[in-house]
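Have a look at the structure below before the remarks.
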Amino acid sequence: MARAPLTTRFAPSPTGQLHKGHAFSALTALDLARRSGGRFLLRIEDIDPTRCTRENAEQIFEDLAWLGIEWETPVRFQSEHRDDFTTAADRLAARGLLYPCFCTRTDIQREIERAGHAPHGSEGPLYPGTCRRLSEDDRHARIAAGTPHALRLDLEKALSLAGPDLTWHDTFHGPQPARPELLGDAVLVRKDIGTSYHLAVVVDDGLQGVTDIVRGVDLFEATHLHRVLQALLDLPKPTYHHHALLTDPSGNRLAKRDRAATLKSLREGGMSARELRSELGFH
Ligand code: GLU
């Protein structure tokens, strides 16, 4: 049965150079969209000005064009849409689902040591809930004093309001029940940048009508939280395609810092886009 046209996207963060793994992800997303007669979008996830640069974004355009990938314009730069993320955070806050967290990393570590144990999630030890237990007066006093704070999701409350459909489907890994407890009370609004990867990605995929999300399996567990956020924000449920990560000849994951595998260095070393596409299984 023919599927309806899909909308896919490639959403790199311009924190460094793209490598073969990114090329694989982008080509997979493009291929999926093309086969269904659908749309392929490119989105630049540059919410963190301390790590993202315009130069890296320009390099991404150059690399993808070299690979023969075409995308719709204008490209969405997340840094130009902070209001959309704030609106979403405000909606969650209005339902009492966010609480201010004044903890520094050291505070969190101390609290975990004091408690003698900490449940672990996919991103390390889970937040021990210190600021969830603060009184309203305490919160107001600290905010009034100008203490920097993040906003965390109160996961227990979120789950009580998210509705029954917290499942998602992954074409490589099958049907999944969402397990957001693996991330705990995640930060949705960072104190330094006013949003977070989790919030921005969910909001943008929803606003851009992305039906199918292709990305590396390193983001698989984040999807448990994303599914809860979609339910809370009344956003449609996409289909996920978390593909295996490419490795170097010694079996290590490719990273942006490995210069040898960057698309730029492959290109400068004389590899043609055709050769790379074919090595990655695309023709
Ligand atoms: N911007 C993220 C990254 O470069 C990927 C986001 C996603 O595909 O959901 O790691």
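The way I read the labels, and the way they are meant: chains A, B, ... in the order of the structure tokens, residue 1 as the first residue of every chain, and ligand 1 as the first ligand shown, with later ones counted on from there.
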
How close does chain A get to ligand 1? List, as JSON lines, each residue of chain A within 9 Å, its nearest atom pair and the distance in Å to one decimal, counting only C-alpha atoms and all ligand atoms.
{"residue": "A:Arg9", "atom": "CA", "partner": "ligand 1", "partner_atom_place_in_ligand_line": "8 (O)", "distance": 7.9}
{"residue": "A:Phe10", "atom": "CA", "partner": "ligand 1", "partner_atom_place_in_ligand_line": "8 (O)", "distance": 6.4}
{"residue": "A:Ala11", "atom": "CA", "partner": "ligand 1", "partner_atom_place_in_ligand_line": "8 (O)", "distance": 5.0}
{"residue": "A:Pro12", "atom": "CA", "partner": "ligand 1", "partner_atom_place_in_ligand_line": "4 (O)", "distance": 3.8}
{"residue": "A:Ser13", "atom": "CA", "partner": "ligand 1", "partner_atom_place_in_ligand_line": "4 (O)", "distance": 4.1}
{"residue": "A:Pro14", "atom": "CA", "partner": "ligand 1", "partner_atom_place_in_ligand_line": "4 (O)", "distance": 7.4}
{"residue": "A:Thr15", "atom": "CA", "partner": "ligand 1", "partner_atom_place_in_ligand_line": "4 (O)", "distance": 8.1}
{"residue": "A:His22", "atom": "CA", "partner": "ligand 1", "partner_atom_place_in_ligand_line": "4 (O)", "distance": 8.6}
{"residue": "A:Ser25", "atom": "CA", "partner": "ligand 1", "partner_atom_place_in_ligand_line": "8 (O)", "distance": 8.9}
{"residue": "A:Arg43", "atom": "CA", "partner": "ligand 1", "partner_atom_place_in_ligand_line": "1 (N)", "distance": 8.5}
{"residue": "A:Ile44", "atom": "CA", "partner": "ligand 1", "partner_atom_place_in_ligand_line": "1 (N)", "distance": 7.4}
{"residue": "A:Glu45", "atom": "CA", "partner": "ligand 1", "partner_atom_place_in_ligand_line": "1 (N)", "distance": 5.1}
{"residue": "A:Asp46", "atom": "CA", "partner": "ligand 1", "partner_atom_place_in_ligand_line": "1 (N)", "distance": 8.0}
{"residue": "A:Tyr197", "atom": "CA", "partner": "ligand 1", "partner_atom_place_in_ligand_line": "1 (N)", "distance": 7.4}
{"residue": "A:His198", "atom": "CA", "partner": "ligand 1", "partner_atom_place_in_ligand_line": "9 (O)", "distance": 8.3}
{"residue": "A:Val201", "atom": "CA", "partner": "ligand 1", "partner_atom_place_in_ligand_line": "9 (O)", "distance": 6.0}
{"residue": "A:Val202", "atom": "CA", "partner": "ligand 1", "partner_atom_place_in_ligand_line": "9 (O)", "distance": 8.3}
{"residue": "A:Asp205", "atom": "CA", "partner": "ligand 1", "partner_atom_place_in_ligand_line": "9 (O)", "distance": 8.7}
{"residue": "A:Ile213", "atom": "CA", "partner": "ligand 1", "partner_atom_place_in_ligand_line": "8 (O)", "distance": 7.1}
{"residue": "A:Val214", "atom": "CA", "partner": "ligand 1", "partner_atom_place_in_ligand_line": "8 (O)", "distance": 6.7}
{"residue": "A:Arg215", "atom": "CA", "partner": "ligand 1", "partner_atom_place_in_ligand_line": "8 (O)", "distance": 4.9}
{"residue": "A:Gly216", "atom": "CA", "partner": "ligand 1", "partner_atom_place_in_ligand_line": "8 (O)", "distance": 7.4}
{"residue": "A:Asp218", "atom": "CA", "partner": "ligand 1", "partner_atom_place_in_ligand_line": "10 (O)", "distance": 8.7}
{"residue": "A:Leu219", "atom": "CA", "partner": "ligand 1", "partner_atom_place_in_ligand_line": "9 (O)", "distance": 7.0}
{"residue": "A:Ala222", "atom": "CA", "partner": "ligand 1", "partner_atom_place_in_ligand_line": "9 (O)", "distance": 8.7}
{"residue": "A:Thr223", "atom": "CA", "partner": "ligand 1", "partner_atom_place_in_ligand_line": "9 (O)", "distance": 8.7}

Going by DSSP on the backbone, which residues of region 127-257 of chain A come out as alpha helix (DSSP H)? List them as a CSV table (one decimal) with all heavy atoms, in the first residue's frame.
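Saved as selection15.csv:
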chain,number,residue,atom,x,y,z
A,136,GLU,N,6.3,27.6,47.6
A,136,GLU,CA,6.1,28.7,46.7
A,136,GLU,C,6.8,29.9,47.2
A,136,GLU,O,7.3,30.7,46.4
A,136,GLU,CB,4.6,29.0,46.6
A,136,GLU,CG,3.8,28.1,45.5
A,136,GLU,CD,4.4,28.1,44.1
A,136,GLU,OE1,4.7,29.3,43.6
A,136,GLU,OE2,4.7,27.1,43.6
A,137,ASP,N,6.7,30.2,48.5
A,137,ASP,CA,7.4,31.4,49.1
A,137,ASP,C,8.9,31.4,48.8
A,137,ASP,O,9.5,32.4,48.4
A,137,ASP,CB,7.2,31.4,50.6
A,137,ASP,CG,5.8,31.8,50.9
A,137,ASP,OD1,5.0,32.2,50.0
A,137,ASP,OD2,5.4,31.8,52.1
A,138,ASP,N,9.5,30.2,49.0
A,138,ASP,CA,10.9,30.1,48.7
A,138,ASP,C,11.2,30.4,47.2
A,138,ASP,O,12.2,31.1,46.9
A,138,ASP,CB,11.3,28.6,49.0
A,138,ASP,CG,12.6,28.5,49.7
A,138,ASP,OD1,13.3,29.5,49.7
A,138,ASP,OD2,12.9,27.5,50.3
A,139,ARG,N,10.4,29.8,46.4
A,139,ARG,CA,10.6,30.0,44.9
A,139,ARG,C,10.5,31.5,44.6
A,139,ARG,O,11.4,32.1,43.9
A,139,ARG,CB,9.5,29.3,44.1
A,139,ARG,CG,9.8,27.9,44.0
A,139,ARG,CD,8.7,27.2,43.2
A,139,ARG,NE,9.0,25.7,43.3
A,139,ARG,CZ,8.1,24.8,43.1
A,139,ARG,NH1,6.9,25.0,42.7
A,139,ARG,NH2,8.5,23.5,43.1
A,140,HIS,N,9.5,32.2,45.1
A,140,HIS,CA,9.3,33.6,44.8
A,140,HIS,C,10.5,34.4,45.3
A,140,HIS,O,11.0,35.3,44.6
A,140,HIS,CB,8.0,34.1,45.4
A,140,HIS,CG,6.8,33.6,44.6
A,140,HIS,ND1,6.7,33.7,43.3
A,140,HIS,CD2,5.7,33.0,45.0
A,140,HIS,CE1,5.6,33.1,42.8
A,140,HIS,NE2,4.9,32.7,43.9
A,141,ALA,N,10.9,34.1,46.5
A,141,ALA,CA,12.0,34.8,47.1
A,141,ALA,C,13.3,34.7,46.3
A,141,ALA,O,14.0,35.7,46.0
A,141,ALA,CB,12.2,34.4,48.6
A,142,ARG,N,13.6,33.5,45.9
A,142,ARG,CA,14.8,33.3,45.1
A,142,ARG,C,14.7,34.0,43.7
A,142,ARG,O,15.7,34.5,43.2
A,142,ARG,CB,15.1,31.8,44.9
A,142,ARG,CG,15.4,31.1,46.2
A,142,ARG,CD,16.0,29.8,45.9
A,142,ARG,NE,15.9,29.0,47.1
A,142,ARG,CZ,16.6,27.9,47.3
A,142,ARG,NH1,17.5,27.5,46.4
A,142,ARG,NH2,16.5,27.2,48.4
A,143,ILE,N,13.5,33.9,43.1
A,143,ILE,CA,13.4,34.6,41.8
A,143,ILE,C,13.5,36.1,42.0
A,143,ILE,O,14.2,36.8,41.2
A,143,ILE,CB,12.0,34.2,41.1
A,143,ILE,CG1,12.1,32.7,40.7
A,143,ILE,CG2,11.7,35.1,39.9
A,143,ILE,CD1,10.8,32.1,40.2
A,144,ALA,N,12.8,36.6,43.1
A,144,ALA,CA,12.9,38.0,43.3
A,144,ALA,C,14.3,38.5,43.6
A,144,ALA,O,14.7,39.6,43.2
A,144,ALA,CB,12.0,38.4,44.5
A,155,LEU,N,7.7,15.6,36.0
A,155,LEU,CA,7.3,14.5,35.2
A,155,LEU,C,6.1,13.7,35.7
A,155,LEU,O,5.2,13.3,35.0
A,155,LEU,CB,8.5,13.5,35.1
A,155,LEU,CG,8.2,12.3,34.2
A,155,LEU,CD1,7.9,12.7,32.7
A,155,LEU,CD2,9.4,11.3,34.1
A,156,GLU,N,6.0,13.7,37.1
A,156,GLU,CA,4.9,13.0,37.6
A,156,GLU,C,3.6,13.7,37.2
A,156,GLU,O,2.6,13.0,36.8
A,156,GLU,CB,5.0,12.9,39.1
A,156,GLU,CG,4.2,11.7,39.7
A,156,GLU,CD,4.4,11.7,41.3
A,156,GLU,OE1,5.6,11.7,41.7
A,156,GLU,OE2,3.4,11.7,42.0
A,157,LYS,N,3.6,15.0,37.4
A,157,LYS,CA,2.4,15.7,37.0
A,157,LYS,C,2.1,15.6,35.5
A,157,LYS,O,1.0,15.5,35.0
A,157,LYS,CB,2.6,17.2,37.3
A,157,LYS,CG,2.0,17.7,38.6
A,157,LYS,CD,1.9,19.2,38.6
A,157,LYS,CE,1.8,19.7,40.0
A,157,LYS,NZ,2.1,21.1,40.1
A,158,ALA,N,3.2,15.7,34.7
A,158,ALA,CA,3.1,15.6,33.3
A,158,ALA,C,2.4,14.3,32.9
A,158,ALA,O,1.5,14.3,32.0
A,158,ALA,CB,4.5,15.7,32.6
A,159,LEU,N,2.8,13.2,33.5
A,159,LEU,CA,2.3,11.9,33.1
A,159,LEU,C,0.8,11.8,33.5
A,159,LEU,O,0.0,11.2,32.9
A,159,LEU,CB,3.1,10.8,33.8
A,159,LEU,CG,4.5,10.6,33.1
A,159,LEU,CD1,5.2,9.5,33.9
A,159,LEU,CD2,4.4,10.3,31.6
A,160,SER,N,0.4,12.6,34.6
A,160,SER,CA,-1.0,12.5,35.0
A,160,SER,C,-1.9,13.3,34.0
A,160,SER,O,-3.1,13.1,33.9
A,160,SER,CB,-1.2,13.0,36.4
A,160,SER,OG,-1.0,14.4,36.4
A,161,LEU,N,-1.3,14.2,33.2
A,161,LEU,CA,-2.0,15.0,32.2
A,161,LEU,C,-1.8,14.7,30.8
A,161,LEU,O,-2.5,15.3,29.9
A,161,LEU,CB,-1.7,16.5,32.5
A,161,LEU,CG,-2.0,17.1,33.8
A,161,LEU,CD1,-1.7,18.6,33.8
A,161,LEU,CD2,-3.5,17.0,34.1
A,197,TYR,N,17.2,21.7,23.9
A,197,TYR,CA,17.1,20.8,22.7
A,197,TYR,C,15.7,20.1,22.7
A,197,TYR,O,15.0,20.1,21.7
A,197,TYR,CB,18.2,19.8,22.7
A,197,TYR,CG,17.9,18.6,21.9
A,197,TYR,CD1,17.7,18.7,20.5
A,197,TYR,CD2,17.7,17.3,22.5
A,197,TYR,CE1,17.4,17.6,19.7
A,197,TYR,CE2,17.3,16.2,21.7
A,197,TYR,CZ,17.2,16.4,20.3
A,197,TYR,OH,16.8,15.3,19.6
A,198,HIS,N,15.4,19.5,23.9
A,198,HIS,CA,14.1,18.7,23.9
A,198,HIS,C,12.9,19.6,23.5
A,198,HIS,O,12.1,19.1,22.7
A,198,HIS,CB,13.9,18.1,25.3
A,198,HIS,CG,15.0,17.2,25.8
A,198,HIS,ND1,15.3,16.1,25.0
A,198,HIS,CD2,15.8,17.2,26.9
A,198,HIS,CE1,16.3,15.4,25.7
A,198,HIS,NE2,16.6,16.1,26.8
A,199,LEU,N,12.8,20.7,24.1
A,199,LEU,CA,11.6,21.6,23.8
A,199,LEU,C,11.7,22.1,22.4
A,199,LEU,O,10.7,22.0,21.6
A,199,LEU,CB,11.6,22.8,24.8
A,199,LEU,CG,10.4,23.6,24.7
A,199,LEU,CD1,9.1,22.8,25.1
A,199,LEU,CD2,10.5,24.9,25.6
A,200,ALA,N,12.8,22.6,21.9
A,200,ALA,CA,12.9,23.2,20.6
A,200,ALA,C,12.6,22.1,19.5
A,200,ALA,O,11.9,22.4,18.5
A,200,ALA,CB,14.3,23.8,20.4
A,201,VAL,N,13.2,21.0,19.7
A,201,VAL,CA,13.0,20.0,18.6
A,201,VAL,C,11.6,19.5,18.5
A,201,VAL,O,11.1,19.3,17.4
A,201,VAL,CB,14.0,18.8,18.8
A,201,VAL,CG1,13.5,17.8,19.9
A,201,VAL,CG2,14.3,18.0,17.6
A,202,VAL,N,10.9,19.3,19.6
A,202,VAL,CA,9.5,18.9,19.6
A,202,VAL,C,8.6,20.0,19.0
A,202,VAL,O,7.8,19.7,18.1
A,202,VAL,CB,9.1,18.5,21.0
A,202,VAL,CG1,7.6,18.4,21.1
A,202,VAL,CG2,9.7,17.2,21.4
A,203,VAL,N,8.9,21.2,19.4
A,203,VAL,CA,8.0,22.3,18.9
A,203,VAL,C,8.3,22.5,17.4
A,203,VAL,O,7.3,22.6,16.6
A,203,VAL,CB,8.4,23.6,19.6
A,203,VAL,CG1,7.8,24.9,18.9
A,203,VAL,CG2,7.9,23.6,21.1
A,204,ASP,N,9.5,22.5,17.0
A,204,ASP,CA,9.8,22.7,15.5
A,204,ASP,C,9.3,21.5,14.7
A,204,ASP,O,8.7,21.8,13.6
A,204,ASP,CB,11.3,22.9,15.3
A,204,ASP,CG,11.6,24.4,15.5
A,204,ASP,OD1,10.7,25.2,15.7
A,204,ASP,OD2,12.8,24.7,15.4
A,205,ASP,N,9.5,20.3,15.1
A,205,ASP,CA,9.0,19.2,14.3
A,205,ASP,C,7.5,19.3,14.1
A,205,ASP,O,6.9,19.1,13.1
A,205,ASP,CB,9.4,17.8,14.9
A,205,ASP,CG,10.8,17.5,14.6
A,205,ASP,OD1,11.4,17.9,13.6
A,205,ASP,OD2,11.5,16.8,15.4
A,206,GLY,N,6.8,19.7,15.2
A,206,GLY,CA,5.3,19.9,15.2
A,206,GLY,C,5.0,21.1,14.2
A,206,GLY,O,4.1,20.9,13.3
A,207,LEU,N,5.6,22.2,14.4
A,207,LEU,CA,5.3,23.4,13.6
A,207,LEU,C,5.6,23.2,12.1
A,207,LEU,O,4.9,23.7,11.2
A,207,LEU,CB,6.1,24.6,14.0
A,207,LEU,CG,5.6,25.3,15.3
A,207,LEU,CD1,6.6,26.4,15.7
A,207,LEU,CD2,4.2,25.8,15.2
A,222,ALA,N,15.9,10.0,24.1
A,222,ALA,CA,15.3,11.3,24.2
A,222,ALA,C,13.8,11.3,23.7
A,222,ALA,O,13.0,12.0,24.2
A,222,ALA,CB,16.1,12.3,23.4
A,223,THR,N,13.6,10.3,22.8
A,223,THR,CA,12.2,10.3,22.2
A,223,THR,C,11.2,9.9,23.3
A,223,THR,O,10.0,10.3,23.1
A,223,THR,CB,12.2,9.2,21.1
A,223,THR,OG1,13.3,9.6,20.1
A,223,THR,CG2,10.9,9.2,20.3
A,224,HIS,N,11.5,9.2,24.3
A,224,HIS,CA,10.6,8.9,25.4
A,224,HIS,C,10.0,10.2,26.0
A,224,HIS,O,8.8,10.3,26.2
A,224,HIS,CB,11.2,8.1,26.5
A,224,HIS,CG,11.6,6.7,26.1
A,224,HIS,ND1,10.8,5.8,25.5
A,224,HIS,CD2,12.8,6.1,26.1
A,224,HIS,CE1,11.4,4.7,25.2
A,224,HIS,NE2,12.7,4.8,25.6
A,225,LEU,N,10.9,11.2,26.2
A,225,LEU,CA,10.5,12.5,26.7
A,225,LEU,C,9.7,13.3,25.6
A,225,LEU,O,8.7,13.9,25.8
A,225,LEU,CB,11.7,13.3,27.2
A,225,LEU,CG,11.4,14.7,27.5
A,225,LEU,CD1,10.5,14.8,28.7
A,225,LEU,CD2,12.8,15.4,27.9
A,226,HIS,N,10.2,13.2,24.4
A,226,HIS,CA,9.6,14.0,23.3
A,226,HIS,C,8.2,13.6,23.1
A,226,HIS,O,7.3,14.4,22.8
A,226,HIS,CB,10.4,13.8,22.0
A,226,HIS,CG,11.8,14.3,22.1
A,226,HIS,ND1,12.7,14.3,21.1
A,226,HIS,CD2,12.5,14.9,23.1
A,226,HIS,CE1,13.9,14.8,21.5
A,226,HIS,NE2,13.7,15.2,22.7
A,227,ARG,N,7.9,12.3,23.2
A,227,ARG,CA,6.5,11.8,23.1
A,227,ARG,C,5.6,12.4,24.1
A,227,ARG,O,4.5,12.8,23.8
A,227,ARG,CB,6.5,10.2,23.1
A,227,ARG,CG,5.2,9.6,22.9
A,227,ARG,CD,4.6,9.8,21.5
A,227,ARG,NE,3.2,9.8,21.6
A,227,ARG,CZ,2.4,10.8,21.3
A,227,ARG,NH1,2.8,12.0,21.0
A,227,ARG,NH2,1.1,10.6,21.4
A,228,VAL,N,6.1,12.5,25.3
A,228,VAL,CA,5.3,13.1,26.4
A,228,VAL,C,5.0,14.6,26.1
A,228,VAL,O,3.9,15.1,26.2
A,228,VAL,CB,6.0,13.0,27.8
A,228,VAL,CG1,5.2,13.7,28.9
A,228,VAL,CG2,6.2,11.5,28.1
A,229,LEU,N,6.1,15.3,25.6
A,229,LEU,CA,5.9,16.7,25.3
A,229,LEU,C,4.9,16.9,24.1
A,229,LEU,O,4.1,17.8,24.1
A,229,LEU,CB,7.3,17.4,24.9
A,229,LEU,CG,8.3,17.4,26.1
A,229,LEU,CD1,9.6,18.0,25.6
A,229,LEU,CD2,7.8,18.1,27.3
A,230,GLN,N,5.0,16.0,23.1
A,230,GLN,CA,4.0,16.1,22.0
A,230,GLN,C,2.6,16.0,22.6
A,230,GLN,O,1.7,16.7,22.2
A,230,GLN,CB,4.3,15.0,21.0
A,230,GLN,CG,5.5,15.2,20.1
A,230,GLN,CD,6.2,13.9,19.7
A,230,GLN,OE1,5.6,12.8,19.9
A,230,GLN,NE2,7.3,14.1,19.0
A,231,ALA,N,2.4,15.0,23.4
A,231,ALA,CA,1.1,14.8,24.0
A,231,ALA,C,0.6,16.0,24.8
A,231,ALA,O,-0.5,16.5,24.6
A,231,ALA,CB,1.1,13.6,24.9
A,232,LEU,N,1.5,16.6,25.6
A,232,LEU,CA,1.1,17.8,26.4
A,232,LEU,C,0.9,19.0,25.5
A,232,LEU,O,0.1,19.9,25.9
A,232,LEU,CB,2.2,18.1,27.4
A,232,LEU,CG,2.4,17.1,28.5
A,232,LEU,CD1,3.7,17.4,29.3
A,232,LEU,CD2,1.2,17.0,29.5

Determine which residues of region 109-207 of chain A receive a DSSP assignment of strand (DSSP E), computed from the backbone, and state them as a list in words.
His120, Gly121, Gly124, Pro125, Ala150, Leu151, Arg152, Leu153, Thr167, Trp168, His169, Asp170, Gly174, Pro175, Gln176, Pro177, Val187, Leu188 and Val189 of chain A

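For the atom pair formed by CA of Val210 (chain A) and CA of Thr7 (chain A), the distance is 4.9 Å, given to one decimal.
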
Write out, as CSV, each residue of region 128-226 of chain A that has an atom at most 7 Å from region 96-118 of chain A, together with the closest pair of atoms and their distance in Å to one decimal, counting only C-alpha atoms, rows going by chain and rising number.
residue,atom,partner,partner_atom,distance
A:Pro128,CA,A:Ile112,CA,6.7
A:Cys131,CA,A:Cys101,CA,5.3
A:Arg132,CA,A:Tyr99,CA,6.5
A:Thr147,CA,A:Phe102,CA,6.9
A:Pro148,CA,A:Phe102,CA,6.3
A:His149,CA,A:Phe102,CA,4.6
A:Ala150,CA,A:Cys101,CA,5.1
A:Leu151,CA,A:Pro100,CA,4.6
A:Arg152,CA,A:Leu98,CA,5.3
A:Leu153,CA,A:Leu98,CA,4.7
A:Asp154,CA,A:Leu97,CA,5.4
A:Lys157,CA,A:Leu97,CA,6.3
A:Ala158,CA,A:Leu97,CA,6.0

Can you tell me how far CA of Ile193 (chain A) sits from CA of Asp90 (chain A), in Å to one decimal?
15.5 Å

Residues at most 12 Å from Trp71 (chain A), counting only C-alpha atoms, excluding those fewer than 6 positions away in the same chain, as a list in words?
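My reading of the contact set: Thr7, Thr8, Arg9, Phe10, Ala11, Ala26, Leu27, Ala29, Leu30, Ala33, Arg34, Gly38, Arg39, Phe40, Leu41, Leu42, Arg43, Phe61, Leu64 and Ala65 of chain A.
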
Show me, as a PyMOL selection string, the residues that have an atom within 9 Å of Leu280 (chain A) when counting only C-alpha atoms, minus same-chain residues fewer than 2 positions from it.
chain A and resi 20+23-24+27+275-278+282-283

For Gln176 (chain A), please output as a list in words all residues within 12 Å (counting only C-alpha atoms; exclusion window: fewer than 3 positions along the same chain).
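Neighbouring residues, sequence-local ones excluded: Asp165, Leu166, Thr167, Trp168, His169, Asp170, Thr171, Phe172, His173, Arg179, Pro180, Phe220, Glu221, Thr223, His224, Arg227, Thr239 and Tyr240 of chain A.
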